[in-house]
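Student: As input, take data.txt (compact mmCIF, C-alpha atoms (C1' of nucleotides)):
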# COMPACT_ATOMS: atom_id res chain seq x y z
CA MET A 1 5.81 -25.86 12.61
CA LYS A 2 9.11 -25.59 14.48
CA LEU A 3 9.70 -22.73 16.93
CA THR A 4 12.51 -21.27 14.86
CA ASP A 5 10.37 -21.11 11.73
CA ALA A 6 7.38 -19.80 13.61
CA LYS A 7 9.51 -17.01 15.06
CA LEU A 8 10.88 -16.16 11.63
CA GLN A 9 7.43 -15.99 10.16
CA PHE A 10 6.10 -13.92 13.01
CA VAL A 11 8.98 -11.45 12.71
CA ALA A 12 8.60 -11.17 8.93
CA SER A 13 4.84 -10.67 9.09
CA TRP A 14 5.02 -8.18 11.90
CA GLY A 15 7.54 -6.22 9.84
CA ALA A 16 5.28 -6.18 6.80
CA PHE A 17 2.35 -5.23 9.00
CA GLY A 18 4.32 -2.30 10.42
CA THR A 19 4.93 -0.78 7.00
CA HIS A 20 1.16 -0.31 6.62
CA TRP A 21 1.19 1.73 9.79
CA GLY A 22 3.95 4.21 9.05
CA ILE A 23 6.45 2.14 11.04
CA ASN A 24 9.74 1.18 9.53
CA ARG A 25 10.01 -2.50 8.70
CA THR A 26 13.17 -3.16 10.70
CA MET A 27 11.89 -1.41 13.80
CA ALA A 28 8.80 -3.60 13.69
CA GLN A 29 10.93 -6.71 13.15
CA ILE A 30 13.21 -5.97 16.08
CA HIS A 31 10.17 -5.34 18.22
CA ALA A 32 8.62 -8.63 17.10
CA LEU A 33 11.83 -10.52 17.82
CA LEU A 34 12.09 -9.10 21.34
CA LEU A 35 8.40 -9.81 21.97
CA VAL A 36 8.82 -13.53 21.35
CA SER A 37 12.23 -13.88 23.01
CA ALA A 38 12.07 -15.27 26.53
CA ASP A 39 15.33 -13.60 27.52
CA PRO A 40 16.76 -10.14 26.81
CA LEU A 41 18.97 -9.89 23.71
CA THR A 42 22.10 -7.92 22.87
CA GLN A 43 22.67 -5.86 19.74
CA ASP A 44 24.80 -8.73 18.42
CA ASP A 45 22.01 -11.24 18.98
CA ILE A 46 19.62 -9.04 17.01
CA MET A 47 22.17 -8.40 14.23
CA GLU A 48 22.68 -12.11 13.86
CA GLN A 49 19.05 -13.20 14.04
CA LEU A 50 17.75 -10.56 11.63
CA ASN A 51 20.86 -10.28 9.44
CA ILE A 52 21.15 -6.53 9.73
CA SER A 53 23.98 -4.15 10.49
CA ARG A 54 25.03 -2.83 13.85
CA GLY A 55 24.09 0.74 13.00
CA ASN A 56 20.64 -0.30 11.91
CA VAL A 57 20.00 -2.22 15.12
CA ASN A 58 21.29 0.65 17.20
CA MET A 59 19.11 3.32 15.60
CA ASN A 60 15.94 1.26 15.64
CA ILE A 61 16.47 0.07 19.21
CA ARG A 62 16.82 3.67 20.28
CA GLU A 63 13.56 4.51 18.54
CA LEU A 64 11.82 1.60 20.28
CA ILE A 65 13.16 2.82 23.63
CA ASP A 66 11.85 6.27 22.75
CA TRP A 67 8.39 4.79 22.31
CA ALA A 68 8.86 2.99 25.65
CA LEU A 69 8.25 -0.33 23.91
CA VAL A 70 11.72 -1.65 24.77
CA ASP A 71 13.92 -1.31 27.86
CA ARG A 72 17.63 -1.56 28.41
CA VAL A 73 18.31 -4.36 30.87
CA ILE A 74 21.40 -4.74 33.02
CA VAL A 75 22.56 -8.32 33.29
CA PRO A 76 24.95 -8.72 36.24
CA GLY A 77 28.39 -9.83 35.20
CA GLU A 78 27.81 -8.92 31.55
CA ARG A 79 29.49 -6.00 29.91
CA LYS A 80 27.13 -5.70 26.96
CA GLU A 81 23.73 -4.05 27.14
CA PHE A 82 20.66 -6.23 26.87
CA PHE A 83 17.26 -5.28 25.54
CA SER A 84 13.84 -6.54 26.44
CA ALA A 85 10.38 -5.67 25.11
CA GLU A 86 7.36 -4.84 27.24
CA LYS A 87 5.43 -8.11 27.09
CA ASP A 88 1.97 -6.99 28.24
CA ILE A 89 0.36 -6.55 24.85
CA TRP A 90 -2.45 -4.36 26.18
CA LYS A 91 0.11 -2.04 27.67
CA VAL A 92 2.00 -2.10 24.37
CA SER A 93 -1.08 -1.06 22.46
CA ARG A 94 -1.77 1.73 24.93
CA LEU A 95 1.80 3.00 24.58
CA ILE A 96 1.49 3.03 20.81
CA ILE A 97 -1.89 4.75 20.85
CA LYS A 98 -0.59 7.36 23.28
CA GLU A 99 2.45 8.14 21.19
CA ARG A 100 0.64 8.31 17.86
CA LYS A 101 -2.11 10.43 19.33
CA LYS A 102 0.46 12.89 20.58
CA ARG A 103 2.44 12.93 17.35
CA GLU A 104 -0.41 12.93 14.84
CA LEU A 105 -3.91 13.52 16.13
CA ASP A 106 -3.17 16.43 18.44
CA PRO A 107 -1.32 18.52 15.80
CA MET A 108 -4.02 17.75 13.22
CA LEU A 109 -6.78 19.04 15.53
CA LYS A 110 -4.80 22.19 16.13
CA LEU A 111 -4.47 22.80 12.40
CA LEU A 112 -8.16 22.17 11.70
CA ASP A 113 -9.05 24.76 14.30
CA GLN A 114 -7.07 27.38 12.41
CA LEU A 115 -8.45 26.40 9.02
CA LYS A 116 -12.05 26.82 10.17
CA GLU A 117 -11.31 30.55 10.45
CA VAL A 118 -11.15 30.99 6.68
CA GLU A 119 -12.15 34.50 5.48
CA GLY A 120 -15.22 35.17 3.37
CA ASP A 121 -18.96 34.81 3.06
CA LYS A 122 -20.05 31.66 4.87
CA LYS A 123 -23.03 31.46 2.50
CA ASP A 124 -20.80 31.06 -0.56
CA LYS A 125 -20.96 27.43 -1.55
CA HIS A 126 -17.20 27.03 -1.93
CA ILE A 127 -16.51 28.51 1.49
CA LYS A 128 -19.34 26.49 2.95
CA GLN A 129 -18.03 23.20 1.57
CA PHE A 130 -14.59 23.91 2.97
CA VAL A 131 -15.80 24.92 6.43
CA ASP A 132 -18.25 22.01 6.60
CA THR A 133 -15.58 19.48 5.66
CA VAL A 134 -13.01 20.86 8.07
CA SER A 135 -15.56 21.10 10.89
CA GLY A 136 -16.75 17.57 10.26
CA ILE A 137 -13.25 16.20 10.42
CA LYS A 138 -12.62 18.18 13.55
CA ARG A 139 -15.71 16.77 15.27
CA LEU A 140 -14.70 13.26 14.31
CA GLY A 141 -11.17 13.87 15.53
CA GLU A 142 -12.41 15.19 18.85
CA GLN A 143 -14.55 12.12 19.45
CA ALA A 144 -11.61 9.91 18.56
CA ASP A 145 -9.46 11.96 20.90
CA LYS A 146 -11.80 11.47 23.86
CA MET A 147 -12.22 7.80 23.14
CA LEU A 148 -8.49 7.22 22.89
CA ASP A 149 -7.88 9.08 26.16
CA VAL A 150 -10.17 6.63 27.89
CA VAL A 151 -8.53 3.65 26.22
CA ILE A 152 -5.06 4.90 27.15
CA LYS A 153 -6.04 5.04 30.80
CA ALA A 154 -7.98 1.79 30.85
CA ASP A 155 -6.59 -1.57 31.84
CA GLU A 156 -7.47 -4.78 30.06
CA HIS A 157 -9.98 -5.82 32.67
CA TRP A 158 -11.94 -2.62 32.39
CA PHE A 159 -11.66 -2.62 28.65
CA VAL A 160 -12.95 -6.10 28.07
CA GLY A 161 -15.50 -5.95 30.85
CA SER A 162 -17.03 -2.55 30.56
CA LEU A 163 -16.41 -1.38 27.04
CA MET A 164 -17.22 -4.66 25.41
CA LYS A 165 -20.71 -4.59 26.86
CA VAL A 166 -21.35 -1.76 24.44
CA PHE A 167 -19.72 -3.71 21.64
CA LYS A 168 -21.70 -6.81 22.61
CA MET B 7 -6.69 33.25 5.77
CA LYS B 8 -8.02 33.18 2.19
CA LEU B 9 -9.95 30.16 0.93
CA THR B 10 -7.31 29.31 -1.68
CA ASP B 11 -4.52 29.26 0.92
CA ALA B 12 -6.64 27.37 3.41
CA LYS B 13 -7.37 24.71 0.79
CA LEU B 14 -3.69 24.45 -0.10
CA GLN B 15 -2.71 24.03 3.50
CA PHE B 16 -5.43 21.49 4.12
CA VAL B 17 -4.38 19.46 1.09
CA ALA B 18 -0.69 19.58 2.04
CA SER B 19 -1.32 18.60 5.66
CA TRP B 20 -3.71 15.84 4.78
CA GLY B 21 -1.07 14.47 2.43
CA ALA B 22 1.59 14.51 5.14
CA PHE B 23 -0.87 12.96 7.56
CA GLY B 24 -1.56 10.15 5.09
CA THR B 25 2.07 9.13 4.89
CA HIS B 26 1.97 8.23 8.60
CA TRP B 27 -0.84 5.84 7.83
CA GLY B 28 0.65 3.86 5.00
CA ILE B 29 -1.23 5.96 2.44
CA ASN B 30 0.59 7.49 -0.47
CA ARG B 31 0.94 11.25 -0.23
CA THR B 32 -0.68 12.05 -3.57
CA MET B 33 -3.65 9.79 -2.99
CA ALA B 34 -4.31 11.58 0.29
CA GLN B 35 -3.90 14.98 -1.38
CA ILE B 36 -6.33 14.17 -4.17
CA HIS B 37 -8.79 12.93 -1.60
CA ALA B 38 -8.37 16.11 0.44
CA LEU B 39 -8.85 18.29 -2.64
CA LEU B 40 -12.06 16.50 -3.60
CA LEU B 41 -13.33 16.67 -0.02
CA VAL B 42 -13.15 20.46 0.07
CA SER B 43 -14.34 21.02 -3.51
CA ALA B 44 -18.01 21.95 -3.79
CA ASP B 45 -18.26 20.57 -7.33
CA PRO B 46 -16.87 17.43 -8.96
CA LEU B 47 -13.48 17.82 -10.66
CA THR B 48 -11.91 16.36 -13.80
CA GLN B 49 -8.48 14.77 -14.06
CA ASP B 50 -7.27 18.01 -15.65
CA ASP B 51 -8.59 20.09 -12.75
CA ILE B 52 -6.71 17.88 -10.31
CA MET B 53 -3.52 17.89 -12.42
CA GLU B 54 -3.61 21.66 -12.48
CA GLN B 55 -4.47 22.28 -8.85
CA LEU B 56 -1.95 19.81 -7.44
CA ASN B 57 0.69 20.15 -10.16
CA ILE B 58 0.98 16.48 -10.86
CA SER B 59 1.02 14.39 -14.01
CA ARG B 60 -1.95 12.81 -15.74
CA GLY B 61 -0.75 9.28 -15.03
CA ASN B 62 -0.34 10.02 -11.37
CA VAL B 63 -3.85 11.42 -11.07
CA ASN B 64 -5.28 8.51 -12.98
CA MET B 65 -3.67 5.81 -10.84
CA ASN B 66 -4.48 7.44 -7.53
CA ILE B 67 -8.07 8.25 -8.50
CA ARG B 68 -8.55 4.62 -9.39
CA GLU B 69 -7.23 3.60 -6.00
CA LEU B 70 -9.59 6.04 -4.28
CA ILE B 71 -12.51 4.61 -6.25
CA ASP B 72 -11.36 1.15 -5.18
CA TRP B 73 -11.66 2.25 -1.56
CA ALA B 74 -15.11 3.68 -2.36
CA LEU B 75 -13.95 7.09 -1.15
CA VAL B 76 -14.45 8.69 -4.56
CA ASP B 77 -17.09 8.26 -7.26
CA ARG B 78 -17.13 8.88 -10.98
CA VAL B 79 -19.81 11.42 -11.74
CA ILE B 80 -21.50 11.86 -15.09
CA VAL B 81 -22.07 15.48 -15.94
CA PRO B 82 -24.69 15.76 -18.73
CA GLY B 83 -23.33 17.35 -21.87
CA GLU B 84 -19.70 16.86 -20.77
CA ARG B 85 -17.44 14.34 -22.39
CA LYS B 86 -14.85 14.22 -19.62
CA GLU B 87 -15.31 12.20 -16.47
CA PHE B 88 -15.81 14.03 -13.21
CA PHE B 89 -14.88 12.86 -9.74
CA SER B 90 -16.44 13.58 -6.42
CA ALA B 91 -15.55 12.47 -2.89
CA GLU B 92 -17.96 11.03 -0.36
CA LYS B 93 -18.56 14.04 1.90
CA ASP B 94 -20.04 12.42 4.99
CA ILE B 95 -16.90 12.16 7.08
CA TRP B 96 -18.33 9.51 9.40
CA LYS B 97 -19.10 7.38 6.41
CA VAL B 98 -15.60 8.06 5.10
CA SER B 99 -14.04 6.86 8.32
CA ARG B 100 -16.21 3.75 8.30
CA LEU B 101 -15.17 2.98 4.73
CA ILE B 102 -11.50 3.34 5.65
CA ILE B 103 -11.85 1.21 8.78
CA LYS B 104 -13.71 -1.46 6.82
CA GLU B 105 -11.10 -1.61 4.09
CA ARG B 106 -8.08 -1.65 6.40
CA LYS B 107 -9.68 -4.25 8.62
CA LYS B 108 -10.20 -6.47 5.61
CA ARG B 109 -6.72 -5.92 4.20
CA GLU B 110 -4.70 -6.00 7.41
CA LEU B 111 -6.41 -7.18 10.55
CA ASP B 112 -8.21 -10.20 9.11
CA PRO B 113 -5.08 -11.73 7.49
CA MET B 114 -3.05 -11.05 10.62
CA LEU B 115 -5.55 -12.90 12.80
CA LYS B 116 -5.47 -15.83 10.41
CA LEU B 117 -1.68 -15.99 10.62
CA LEU B 118 -1.62 -15.77 14.41
CA ASP B 119 -3.98 -18.72 14.56
CA GLN B 120 -1.52 -20.85 12.63
CA LEU B 121 1.48 -19.70 14.63
CA LYS B 122 -0.11 -20.70 17.94
CA GLU B 123 0.17 -24.30 16.75
CA VAL B 124 3.95 -24.33 17.12
CA GLU B 125 5.43 -27.78 17.88
CA GLY B 126 7.14 -28.64 21.13
CA ASP B 127 6.86 -28.76 24.91
CA LYS B 128 4.53 -25.97 26.04
CA LYS B 129 6.42 -25.94 29.35
CA ASP B 130 9.69 -24.93 27.70
CA LYS B 131 10.17 -21.26 28.43
CA HIS B 132 11.02 -20.31 24.86
CA ILE B 133 7.95 -22.04 23.47
CA LYS B 134 5.86 -20.58 26.25
CA GLN B 135 6.99 -17.04 25.57
CA PHE B 136 6.20 -17.42 21.90
CA VAL B 137 2.76 -18.93 22.43
CA ASP B 138 1.88 -16.41 25.13
CA THR B 139 2.87 -13.46 22.95
CA VAL B 140 1.05 -14.73 19.89
CA SER B 141 -2.06 -15.61 21.92
CA GLY B 142 -2.05 -12.21 23.59
CA ILE B 143 -1.86 -10.41 20.29
CA LYS B 144 -4.61 -12.63 18.94
CA ARG B 145 -6.91 -11.81 21.86
CA LEU B 146 -6.26 -8.11 21.42
CA GLY B 147 -6.86 -8.39 17.71
CA GLU B 148 -10.15 -10.20 18.24
CA GLN B 149 -11.43 -7.51 20.58
CA ALA B 150 -10.41 -4.86 18.09
CA ASP B 151 -12.13 -6.86 15.38
CA LYS B 152 -15.43 -6.98 17.25
CA MET B 153 -15.23 -3.34 18.18
CA LEU B 154 -14.52 -2.28 14.61
CA ASP B 155 -17.39 -4.37 13.28
CA VAL B 156 -19.77 -2.44 15.49
CA VAL B 157 -18.26 0.89 14.50
CA ILE B 158 -18.49 -0.01 10.81
CA LYS B 159 -22.20 -0.69 11.17
CA ALA B 160 -22.98 2.26 13.42
CA ASP B 161 -24.20 5.63 12.26
CA GLU B 162 -22.97 8.84 13.75
CA HIS B 163 -26.01 9.37 15.88
CA TRP B 164 -25.72 5.99 17.53
CA PHE B 165 -22.01 6.30 17.85
CA VAL B 166 -21.94 9.66 19.52
CA GLY B 167 -25.04 9.02 21.57
CA SER B 168 -24.50 5.54 22.85
CA LEU B 169 -20.78 5.05 22.82
CA MET B 170 -19.97 8.41 24.26
CA LYS B 171 -21.98 7.63 27.36
CA VAL B 172 -19.26 5.13 28.16
CA PHE B 173 -16.57 7.65 27.33
CA LYS B 174 -18.34 10.28 29.43
C1' DT C 2 45.94 5.46 33.15
C1' DA C 3 46.07 2.50 29.11
C1' DA C 4 44.12 -1.06 26.66
C1' DT C 5 40.00 -3.09 25.14
C1' DA C 6 35.13 -3.69 24.54
C1' DT C 7 31.03 -1.65 23.32
C1' DT C 8 27.98 1.82 21.55
C1' DT C 9 26.90 5.68 18.66
C1' DT C 10 27.10 8.52 14.65
C1' DC C 11 26.57 9.70 9.96
C1' DA C 12 28.15 10.13 5.04
C1' DA C 13 27.82 7.17 1.35
C1' DT C 14 25.15 3.81 -0.82
C1' DA C 15 21.42 0.74 -1.63
C1' DA C 16 16.72 -0.31 -1.83
C1' DG C 17 12.13 0.93 -2.30
C1' DT C 18 8.48 3.93 -3.80
C1' DT C 19 6.37 7.43 -6.46
C1' DT C 20 6.01 10.17 -10.53
C1' DT C 21 6.40 11.25 -15.19
C1' DG C 22 5.15 11.34 -19.93
C1' DA C 23 4.57 9.42 -24.15
C1' DA C 24 2.43 5.54 -26.49
C1' DA C 25 -1.51 2.47 -26.60
C1' DA C 26 -6.18 1.73 -25.79
C1' DT C 27 -10.69 3.24 -25.41
C1' DT C 28 -14.67 6.16 -25.98
C1' DC C 29 -17.59 9.10 -28.43
C1' DA C 30 -19.66 12.34 -31.93
C1' DG C 31 -20.62 13.02 -36.45
C1' DC D 10 -16.57 3.92 -39.95
C1' DT D 11 -13.23 8.00 -38.94
C1' DG D 12 -10.89 11.05 -36.32
C1' DA D 13 -10.55 13.64 -32.22
C1' DA D 14 -10.94 13.54 -27.27
C1' DT D 15 -10.09 11.18 -23.29
C1' DT D 16 -8.35 7.61 -20.34
C1' DT D 17 -5.13 4.04 -19.21
C1' DT D 18 -0.74 1.78 -19.01
C1' DC D 19 3.93 1.15 -17.80
C1' DA D 20 9.09 1.57 -18.45
C1' DA D 21 12.30 4.86 -17.15
C1' DA D 22 13.62 8.59 -14.11
C1' DA D 23 13.24 11.11 -9.91
C1' DC D 24 12.69 11.11 -5.35
C1' DT D 25 12.45 9.25 -0.68
C1' DT D 26 13.70 6.35 2.90
C1' DA D 27 16.46 2.68 4.98
C1' DT D 28 20.85 0.44 5.57
C1' DT D 29 25.62 -0.15 5.84
C1' DG D 30 30.04 0.04 7.82
C1' DA D 31 33.90 2.26 9.34
C1' DA D 32 35.40 5.99 12.31
C1' DA D 33 34.56 8.47 16.57
C1' DA D 34 32.91 8.48 21.08
C1' DT D 35 32.07 6.33 25.30
C1' DA D 36 32.34 2.92 28.91
C1' DT D 37 34.69 -0.71 31.42
C1' DT D 38 38.38 -3.34 33.33
C1' DA D 39 42.70 -4.17 35.14
Go ahead and express the file in the form of structure tokens.
Tutor:
Amino acid sequence: MKLTDAKLQFVASWGAFGTHWGINRTMAQIHALLLVSADPLTQDDIMEQLNISRGNVNMNIRELIDWALVDRVIVPGERKEFFSAEKDIWKVSRLIIKERKKRELDPMLKLLDQLKEVEGDKKDKHIKQFVDTVSGIKRLGEQADKMLDVVIKADEHWFVGSLMKVFK
Amino acid sequence: MKLTDAKLQFVASWGAFGTHWGINRTMAQIHALLLVSADPLTQDDIMEQLNISRGNVNMNIRELIDWALVDRVIVPGERKEFFSAEKDIWKVSRLIIKERKKRELDPMLKLLDQLKEVEGDKKDKHIKQFVDTVSGIKRLGEQADKMLDVVIKADEHWFVGSLMKVFK
DNA sequence: TAATATTTTCAATAAGTTTTGAAAATTCAG
DNA sequence: CTGAATTTTCAAAACTTATTGAAAATATTA
């Protein structure tokens, strides 16, 4: 397979993949394109390669910068802005985990804490089922939370070396 | 907070949560409702409690059964079908991990394998960047794959006991 | 400073996804 | 078997989300 086709397929698949993870298709595609590009690209490069509008590129690039997955790059002698993706894939995954944890897991744990405080007789089977379910999810979430904190702080070497002993 | 309100809020939040994970809002809401219900419910119960149409309930229940998160329950003397959610939340999370791994991670790894075989001079910086990125993602994916396999097979006791020693 | 290039915004529109509801199919009791 | 209850299907409608593109804002050069 030729490089151009391989890139196209990678970008398309990464985009489809993203949609299963609550990430907008174009954002994932732009990210994929920048990941496999050796040099930084301009908005026009991205517009052209992905066949999308300027506004679309602009908004999604900003979102990627927000997630710290993409950086603005100054190219001396060039007036346009260039963009480049963080290439260390372990760092990328840590950035994504960190952001999603903050946006999703943390608020969910806060809510579950409140819901446990439901009024009524804890012996009543309907109350009991509710409290048990909510508590169970909370315990699971807290374990996930701890685990993700460790992963976020780990580097690849530690991760593969130390953690993977457990996961033989 | 009263049980009825707490349930409503749980169902609504779980639904919103689901949309960040590529899961349709109603499917997540039905799942949430069944999780906190002490007894199995019929399609009519769910229609009434969530204010949604019969067709909608039917399609989403089928999807939940597909994921093995919900079971049809026969209630003796009743003509209608009843539905009940798997209540062990650790088992639930393992079922979800298993299914998403199969549907998403496994195909992605297969694709990455093909893309590594791109034609051309591996010394060329554009080829190199592509191969390096794809290989890096593949390595990450393989570690995740192994780790998830262990988690899928683990029970809560092992998980909390043994894994959490690593994650002090 | 003015002229020009570049980036950003956002209302309108398009595309994609979910939901409805009524008709068709199936199941079940008598 | 018959008829009522129940479940399933799926085309059309409603809703949600993503995209466009042109105008406004900003930055850069001379």
Student: Given a cut-off of 10 Å, which residues of chain B touch chain D, counting only C-alpha atoms (C1' of nucleotides), written out as a PyMOL selection string?
Tutor: chain B and resi 49+60-61+64-65+85-87
Student: Could you list, as number ranges by chain, the residues of chain B having an atom within 10 Å of chain C when counting all atoms listed in the file?
Tutor: B: 30-32, 58-63, 85
Student: Give me, as an MDAnalysis selection string, the residues of chain A touching chain B, with the criterion being at most 7 Å (counting all atoms listed in the file).
Tutor: chainID A and resid 1:3 6 19:22 35:38 89 115 118:119 125:127 129:130 133 136:137 147 150 167
Student: I'd like the superposed chain A, fitted onto chain B by least squares over all Cα atoms in order, as a compact mmCIF listing (two decimals) with C-alpha atoms, in the frame of the given file.
Tutor:
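What landed in selection.txt:
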# COMPACT_ATOMS: atom_id res chain seq x y z
CA MET A 1 -6.57 33.23 5.75
CA LYS A 2 -7.88 33.17 2.19
CA LEU A 3 -9.83 30.15 0.91
CA THR A 4 -7.20 29.29 -1.67
CA ASP A 5 -4.43 29.21 0.92
CA ALA A 6 -6.54 27.34 3.41
CA LYS A 7 -7.29 24.70 0.78
CA LEU A 8 -3.62 24.41 -0.10
CA GLN A 9 -2.67 23.97 3.51
CA PHE A 10 -5.39 21.45 4.13
CA VAL A 11 -4.36 19.41 1.09
CA ALA A 12 -0.67 19.50 2.05
CA SER A 13 -1.32 18.52 5.66
CA TRP A 14 -3.73 15.77 4.76
CA GLY A 15 -1.08 14.38 2.41
CA ALA A 16 1.57 14.40 5.12
CA PHE A 17 -0.90 12.85 7.53
CA GLY A 18 -1.63 10.05 5.06
CA THR A 19 2.01 9.00 4.85
CA HIS A 20 1.89 8.11 8.56
CA TRP A 21 -0.95 5.75 7.80
CA GLY A 22 0.50 3.74 4.95
CA ILE A 23 -1.35 5.87 2.39
CA ASN A 24 0.49 7.40 -0.49
CA ARG A 25 0.88 11.15 -0.23
CA THR A 26 -0.70 11.98 -3.58
CA MET A 27 -3.71 9.75 -3.01
CA ALA A 28 -4.34 11.54 0.27
CA GLN A 29 -3.89 14.93 -1.40
CA ILE A 30 -6.33 14.16 -4.19
CA HIS A 31 -8.80 12.92 -1.62
CA ALA A 32 -8.35 16.10 0.43
CA LEU A 33 -8.83 18.28 -2.63
CA LEU A 34 -12.06 16.53 -3.61
CA LEU A 35 -13.31 16.70 -0.01
CA VAL A 36 -13.12 20.49 0.07
CA SER A 37 -14.29 21.08 -3.50
CA ALA A 38 -17.94 22.04 -3.77
CA ASP A 39 -18.22 20.69 -7.31
CA PRO A 40 -16.87 17.54 -8.96
CA LEU A 41 -13.47 17.91 -10.66
CA THR A 42 -11.93 16.45 -13.80
CA GLN A 43 -8.51 14.84 -14.07
CA ASP A 44 -7.27 18.08 -15.64
CA ASP A 45 -8.55 20.14 -12.73
CA ILE A 46 -6.69 17.89 -10.30
CA MET A 47 -3.51 17.88 -12.42
CA GLU A 48 -3.54 21.65 -12.46
CA GLN A 49 -4.40 22.25 -8.82
CA LEU A 50 -1.89 19.75 -7.43
CA ASN A 51 0.76 20.10 -10.16
CA ILE A 52 1.00 16.41 -10.89
CA SER A 53 0.97 14.33 -14.04
CA ARG A 54 -2.00 12.79 -15.76
CA GLY A 55 -0.85 9.25 -15.08
CA ASN A 56 -0.42 9.96 -11.41
CA VAL A 57 -3.91 11.42 -11.09
CA ASN A 58 -5.39 8.52 -13.00
CA MET A 59 -3.80 5.79 -10.89
CA ASN A 60 -4.57 7.42 -7.57
CA ILE A 61 -8.15 8.27 -8.54
CA ARG A 62 -8.68 4.65 -9.44
CA GLU A 63 -7.35 3.60 -6.05
CA LEU A 64 -9.69 6.06 -4.31
CA ILE A 65 -12.62 4.66 -6.30
CA ASP A 66 -11.51 1.19 -5.24
CA TRP A 67 -11.78 2.26 -1.62
CA ALA A 68 -15.21 3.73 -2.43
CA LEU A 69 -14.02 7.12 -1.19
CA VAL A 70 -14.52 8.76 -4.59
CA ASP A 71 -17.18 8.36 -7.29
CA ARG A 72 -17.21 9.01 -10.99
CA VAL A 73 -19.88 11.59 -11.76
CA ILE A 74 -21.58 12.11 -15.10
CA VAL A 75 -22.13 15.76 -15.89
CA PRO A 76 -24.72 16.13 -18.67
CA GLY A 77 -23.33 17.77 -21.76
CA GLU A 78 -19.72 17.20 -20.70
CA ARG A 79 -17.49 14.71 -22.39
CA LYS A 80 -14.91 14.44 -19.63
CA GLU A 81 -15.38 12.37 -16.50
CA PHE A 82 -15.85 14.17 -13.22
CA PHE A 83 -14.92 12.95 -9.77
CA SER A 84 -16.47 13.66 -6.42
CA ALA A 85 -15.57 12.52 -2.91
CA GLU A 86 -18.00 11.09 -0.38
CA LYS A 87 -18.55 14.09 1.89
CA ASP A 88 -20.05 12.42 4.98
CA ILE A 89 -16.91 12.16 7.06
CA TRP A 90 -18.35 9.50 9.37
CA LYS A 91 -19.13 7.37 6.37
CA VAL A 92 -15.62 8.03 5.05
CA SER A 93 -14.07 6.83 8.27
CA ARG A 94 -16.24 3.72 8.25
CA LEU A 95 -15.21 2.95 4.67
CA ILE A 96 -11.55 3.30 5.58
CA ILE A 97 -11.87 1.18 8.71
CA LYS A 98 -13.73 -1.50 6.76
CA GLU A 99 -11.13 -1.66 4.04
CA ARG A 100 -8.11 -1.69 6.33
CA LYS A 101 -9.68 -4.29 8.57
CA LYS A 102 -10.21 -6.53 5.58
CA ARG A 103 -6.75 -5.96 4.16
CA GLU A 104 -4.71 -6.04 7.36
CA LEU A 105 -6.42 -7.21 10.52
CA ASP A 106 -8.20 -10.24 9.11
CA PRO A 107 -5.07 -11.78 7.50
CA MET A 108 -3.04 -11.07 10.65
CA LEU A 109 -5.54 -12.94 12.84
CA LYS A 110 -5.44 -15.87 10.47
CA LEU A 111 -1.65 -16.02 10.68
CA LEU A 112 -1.59 -15.78 14.48
CA ASP A 113 -3.94 -18.73 14.66
CA GLN A 114 -1.46 -20.86 12.74
CA LEU A 115 1.54 -19.69 14.75
CA LYS A 116 -0.07 -20.69 18.05
CA GLU A 117 0.24 -24.30 16.88
CA VAL A 118 4.02 -24.30 17.29
CA GLU A 119 5.50 -27.76 18.09
CA GLY A 120 7.20 -28.57 21.37
CA ASP A 121 6.90 -28.65 25.13
CA LYS A 122 4.56 -25.88 26.24
CA LYS A 123 6.42 -25.79 29.57
CA ASP A 124 9.70 -24.78 27.92
CA LYS A 125 10.18 -21.12 28.62
CA HIS A 126 11.06 -20.21 25.04
CA ILE A 127 8.00 -21.96 23.65
CA LYS A 128 5.89 -20.48 26.41
CA GLN A 129 7.02 -16.92 25.70
CA PHE A 130 6.24 -17.34 22.02
CA VAL A 131 2.80 -18.87 22.54
CA ASP A 132 1.90 -16.33 25.22
CA THR A 133 2.89 -13.40 23.03
CA VAL A 134 1.08 -14.70 19.97
CA SER A 135 -2.03 -15.56 21.99
CA GLY A 136 -2.04 -12.16 23.63
CA ILE A 137 -1.85 -10.39 20.32
CA LYS A 138 -4.58 -12.61 18.99
CA ARG A 139 -6.90 -11.80 21.89
CA LEU A 140 -6.26 -8.10 21.43
CA GLY A 141 -6.86 -8.40 17.70
CA GLU A 142 -10.13 -10.22 18.24
CA GLN A 143 -11.42 -7.52 20.57
CA ALA A 144 -10.40 -4.88 18.07
CA ASP A 145 -12.11 -6.89 15.36
CA LYS A 146 -15.43 -7.02 17.23
CA MET A 147 -15.25 -3.38 18.15
CA LEU A 148 -14.53 -2.31 14.59
CA ASP A 149 -17.41 -4.43 13.27
CA VAL A 150 -19.76 -2.49 15.49
CA VAL A 151 -18.26 0.84 14.47
CA ILE A 152 -18.50 -0.06 10.78
CA LYS A 153 -22.20 -0.72 11.14
CA ALA A 154 -22.96 2.23 13.38
CA ASP A 155 -24.15 5.61 12.22
CA GLU A 156 -22.95 8.86 13.71
CA HIS A 157 -26.01 9.28 15.86
CA TRP A 158 -25.62 5.91 17.49
CA PHE A 159 -21.91 6.36 17.82
CA VAL A 160 -21.97 9.69 19.55
CA GLY A 161 -25.06 8.92 21.59
CA SER A 162 -24.57 5.41 22.77
CA LEU A 163 -20.87 4.72 22.61
CA MET A 164 -19.81 8.03 24.02
CA LYS A 165 -21.74 7.37 27.20
CA VAL A 166 -19.10 4.76 27.91
CA PHE A 167 -16.36 7.20 26.98
CA LYS A 168 -18.00 9.90 29.09
Student: Just the number, please: distance in Å from atom CA of Ile30 of chain A to atom CA of Glu63 of chain A, one decimal.
Tutor: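 Atom CA of Ile30 of chain A sits 10.8 Å away from atom CA of Glu63 of chain A.
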